[in-house]
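Participant: One structure coming up, written as C-alpha cells, with questions to follow.
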There are 2 protein chains.
Amino acid sequence: MYHEIADQLIQAITNGQFTSKLPTEAKLMARFGVSRNTIRRAIDVVYQQGLLRRVQGSGYYINHVQLNSEHAVNLSVGAGKPLIKNAHHPTSEIVTFDKATAGTIALAKQFNVEPDAEVYRVIRLRYMDGAVYALEESYYLTSVVPFLSTDSINSSIFDFLAETFNVTVVASDDYMSMTTLESDQANLMGLEPGDQRLTLAQMNYTKNNTLFNFSKAIYADAKMSFYFHSAHLSSN
Amino acid sequence: MYHEIADQLIQAITNGQFTSKLPTEAKLMARFGVSRNTIRRAIDVVYQQGLLRRVQGSGYYINHVQLNSEHAVNLSVGAGKPLIKNAHHPTSEIVTFDKATAGTIALAKQFNVEPDAEVYRVIRLRYMDGAVYALEESYYLTSVVPFLSTDSINSSIFDFLAETFNVTVVASDDYMSMTTLESDQANLMGLEPGDQRLTLAQMNYTKNNTLFNFSKAIYADAKMSFYFHSAHLSSN
DNA sequence: TTTCATTTGTCCGTATGTATC
DNA sequence: CGATACATACGGACAAATGAA
C-alpha cells in the first residue's frame, strides 16, 4: 500500500505535478483513502530519496536537486539502478556472457562471496549517444537467478528479474574508488593504459538481504561525478 | 525517544553486545518500556545505517560490514561524519581560517549557495598517523554558526556545533569525483601537479534542511575507497 | 507580543497479514 | 499444524514548529 503511494508521489513530483510543495498529510489521506501512518510511511520513502524537505508546522517542500556536472550518476534514487542525467540512447555491447564459479573471480573474493557459488558473468561496454561511458562486469548468482538469456540482458535486466523471478533490489553496498587501467581495459574503452578512472563496485541484495548481484564498473569520463543523498528518518 | 533507543542499539552492536541477532521486538519493548511502533522506528534507523538484516518471521540479524580496503571511508554512518576505518591519531593542520562571502568561492557557486551569504572558511590538511591523507576546504554559514574559534575547529567541530548551537546534520548531499591536482594543492599534499585523486564534495543540512556547511576534500591516497550503504524502508 | 489555527513529529494501543521455524 | 516474529494498517492523543491574525 504505502509502496504504491510512494511510487505515485515520486511520479507526480518528477512529472512536475507538484512543483513547490506536497499537499498536506490530511489532503493526501483523503486522496488515497488511507490512514495518516500509511501516508507518512509513503512520504518517508520519498524523503529518503532526497526529493523532499520536511518542515514541521509548515509542510513538505520539493527538493530540486541539481546535478551540476553534465555527466552525473545518481546513486540514491534506486539501489542498483544508477541513473544518468539526460541518459539519451543508452546501448551496450556484450564482451563476455558465460557462467563461472565465484572462487575464480577477483571481485567475488574481494567481497567474500561464497567461493562455490555459481554465477552468470556479463561483461559489457555501455554506450551513451554512441560513445563509451563505462566498462562493466556484473555477476548474478544462479541460486537466485536460475536463468539468464542474451535477450534479457539486452533489455532492462532488473525489470526482467523483477517480472520473471520476483527479484528486486532491497539494499545495496556501494564502493567508490579509482583504478588504473590495464591495457585490455584501456583498449576496450579507447583509452590509454595507466589512465586513472572512477570505479563503482556494487553489491545488490534482494528480500531478506540475500546477495544476488555484484558488479564493478569503470567510467570512461574523467569528469564523471556520483551523487548520493543521505537523510535521517526525521528532520528534528 | 526512538533516537536514543537507536543510539543505544547501535552502541550495543558496535560494542559486540549483540553478535548475531537482535532481541525480538517484544523483548526490546519490555527492555525499553516503549510501544512496538517506537521500537520499530528505532530499528529503522539502525537498519538504514546498514547494521542489520531483517527477516520476517525470523528476526533481525547483525550485518558485519567489511570494508576490505585498508583506507576506507564510510559515508553511510552519519551524514557529515565520514569515518575512517582504523582511524588512529587523526590530527590536522590549519592552512587558512577566515571569513569570506559565498559569491567569491568557486565551490559555493557550483552549489548555488546564496552569493551574499557570509561563511567561515577553514582550509586544512588532515593527517593520519603523521601522514597527510586529505586536503579539505570547508565552509560554515555564519547565519547558522555565528561563532567559530580555532579551539573549536581543532577539536571535533561537529560536536562543538551540536553542543553550542544545537546544530546537527539531518541530511547531506555527497558528490564523488576525480580531480587533477593544481600545483599549490600538490605542494601542500606532497604530490605531483597533474596527479589525479578522489574528491568528495559535501553539503550538510540541519533542521528543516537548512544548509549550514559545505566542503570539498581531496584524498591523498590513490587507493582510498568510499563506502555507501543504501537500504529501502522495508525488506519485502 | 500574544493568540490561535494549521501542519508535521512522536507515541500509544490494537488488529490482521505473512514468513519462519 | 501451531507458535513465534516481523510487516502493514488503522485510529487516537498530545507535542512542537510555523505562520498569520
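Chains: A, B, ... in order of the C-alpha cells. Residues: from 1 per chain. Ligands: from 1, in order shown.
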Please check the contacts: residues of chain B at most 6 Å away from chain C, using only C-alpha atoms (C1' of nucleotides), listed as a list in words.
Facilitator: Gln56, Gly57 and Ser58 of chain B
Participant: Among segment 5-236 of chain B, which residues does DSSP mark as strand (DSSP E or B) when it is run on the backbone? Keep the chain and numbering as in the structure and answer as a ChimeraX atom specification.
Facilitator: /B:21,52-55,59-62,72-74,83-84,90-101,118-128,131-141,171-180,196-206,210-219,225-231
Participant: Do me a favour and pick out the residues of chain B within 8 Å of chain A, using only C-alpha atoms, as a ChimeraX atom specification.
Facilitator: /B:45,53-56,68,76,79,110-111,170-179,196-198,207-209,222-236
Participant: Rounded to one decimal, what separation in Å do you get between atom CA of Ser92 of chain A and atom CA of Ile157 of chain A?
Facilitator: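 Computing the Euclidean distance for atom CA of Ser92 of chain A and atom CA of Ile157 of chain A yields 12.1 Å.
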Participant: What residues in chain D have any atom no more than 9 Å from chain A when counting only C-alpha atoms (C1' of nucleotides), and can you write them as a PyMOL selection string?
Facilitator: chain D and resi 8-11+16-19
Participant: Using the chain letters and numbers from this document, which residues of segment 58-161 of chain A does DSSP assign to helix (DSSP H, G or I), as a list in words?
Facilitator: Ala102, Gly103, Thr104, Ala106, Leu107, Ala108, Lys109, Gln110, Thr150, Asp151, Ser152, Ile153, Asn154, Ile157, Phe158, Asp159, Phe160 and Leu161 of chain A
Participant: Neighbouring residues of Met128 of chain B were defined as those with any atom within 7 Å, considering only C-alpha atoms (C1' of nucleotides); residues of the same chain fewer than 3 positions away were excluded. Please report them as a PyMOL selection string.
Facilitator: chain B and resi 88-91+131-133
Participant: Find the spatial neighbours of Pro23 of chain A, counting only C-alpha atoms (C1' of nucleotides), within a cut-off of 12 Å - ignore same-chain residues fewer than 5 positions away - and output them as a list of chain:residue names.
Facilitator: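 Selected residues are A:Leu9, A:Ala12, A:Ile13, A:Gln17, A:Phe18, A:Leu28, A:Met29, A:Ala30, A:Arg31, A:Phe32, A:Ile39, A:Ile43, A:Ser58, A:Gly59, A:Tyr60, A:Tyr61, A:Ile62, C:DT7.
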Participant: Just to confirm, what's the straight-line distance from atom CA of Thr104 of chain B to atom CA of Ser138 of chain B in Å (one decimal)?
Facilitator: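 Between atom CA of Thr104 of chain B and atom CA of Ser138 of chain B the gap is 14.1 Å.
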Participant: So how many Å separate atom CA of Leu161 of chain A and atom CA of Gly103 of chain A, to one decimal?
Facilitator: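 So the answer is 24.1 Å.
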Participant: For segment 140-152 of chain A, please output as a list in words all residues within 9 Å (counting only C-alpha atoms (C1' of nucleotides); exclusion window: fewer than 4 positions along the same chain).
Facilitator: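 My reading of the contact set: Ile94, Phe97, Lys99, Ala102, Ala117, Glu118, Val119, Tyr120, Arg121, Val122, Ser156, Ile157, Phe160, Leu161, Phe165, Val167, Thr210, Leu211, Phe212, Asn213, Phe214 and Ser215 of chain A.
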Participant: Output N, CA and C atoms of each residue in that selection to a file, as a compact mmCIF listing (two decimals), in the first residue's frame.
Facilitator:
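Written out: part-v7.txt:
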```
# COMPACT_ATOMS: atom_id res chain seq x y z
N ILE A 94 27.94 -6.51 -25.63
CA ILE A 94 28.38 -7.56 -24.73
C ILE A 94 29.76 -8.08 -25.13
N PHE A 97 29.68 -13.27 -22.03
CA PHE A 97 28.47 -13.71 -21.34
C PHE A 97 28.59 -15.21 -21.13
N LYS A 99 29.00 -18.57 -17.75
CA LYS A 99 28.87 -18.92 -16.34
C LYS A 99 30.26 -19.09 -15.74
N ALA A 102 32.35 -18.41 -8.38
CA ALA A 102 32.77 -17.21 -7.67
C ALA A 102 34.24 -17.27 -7.24
N ALA A 117 29.83 -20.64 -5.10
CA ALA A 117 28.63 -20.11 -5.75
C ALA A 117 28.81 -20.02 -7.26
N GLU A 118 27.80 -20.46 -7.98
CA GLU A 118 27.82 -20.36 -9.44
C GLU A 118 27.17 -19.04 -9.86
N VAL A 119 27.77 -18.39 -10.84
CA VAL A 119 27.25 -17.09 -11.26
C VAL A 119 27.21 -16.96 -12.78
N TYR A 120 26.26 -16.16 -13.24
CA TYR A 120 26.31 -15.67 -14.62
C TYR A 120 27.26 -14.49 -14.65
N ARG A 121 28.10 -14.46 -15.69
CA ARG A 121 29.01 -13.33 -15.83
C ARG A 121 28.65 -12.56 -17.09
N VAL A 122 28.50 -11.26 -16.94
CA VAL A 122 28.20 -10.40 -18.08
C VAL A 122 29.21 -9.26 -18.08
N SER A 156 16.17 -4.21 -20.21
CA SER A 156 16.44 -3.81 -18.82
C SER A 156 16.48 -5.04 -17.94
N ILE A 157 17.67 -5.37 -17.49
CA ILE A 157 17.87 -6.63 -16.79
C ILE A 157 17.16 -6.67 -15.45
N PHE A 160 13.55 -7.35 -15.98
CA PHE A 160 13.39 -8.77 -16.29
C PHE A 160 13.39 -9.62 -15.02
N LEU A 161 14.35 -9.34 -14.14
CA LEU A 161 14.46 -10.12 -12.90
C LEU A 161 13.23 -9.92 -12.02
N PHE A 165 11.51 -13.48 -11.87
CA PHE A 165 11.86 -14.20 -10.64
C PHE A 165 11.41 -13.47 -9.38
N VAL A 167 12.56 -10.83 -8.23
CA VAL A 167 13.76 -10.37 -7.54
C VAL A 167 13.90 -8.86 -7.70
N THR A 210 19.46 -11.18 0.75
CA THR A 210 20.23 -12.20 0.05
C THR A 210 20.98 -11.54 -1.10
N LEU A 211 22.28 -11.79 -1.17
CA LEU A 211 23.06 -11.26 -2.28
C LEU A 211 22.64 -11.95 -3.57
N PHE A 212 22.36 -11.19 -4.61
CA PHE A 212 22.02 -11.83 -5.88
C PHE A 212 22.82 -11.26 -7.03
N ASN A 213 23.48 -10.13 -6.83
CA ASN A 213 24.22 -9.50 -7.92
C ASN A 213 25.36 -8.66 -7.36
N PHE A 214 26.51 -8.74 -8.01
CA PHE A 214 27.57 -7.79 -7.67
C PHE A 214 28.27 -7.39 -8.96
N SER A 215 28.82 -6.20 -8.97
CA SER A 215 29.35 -5.68 -10.23
C SER A 215 30.43 -4.64 -9.98
```
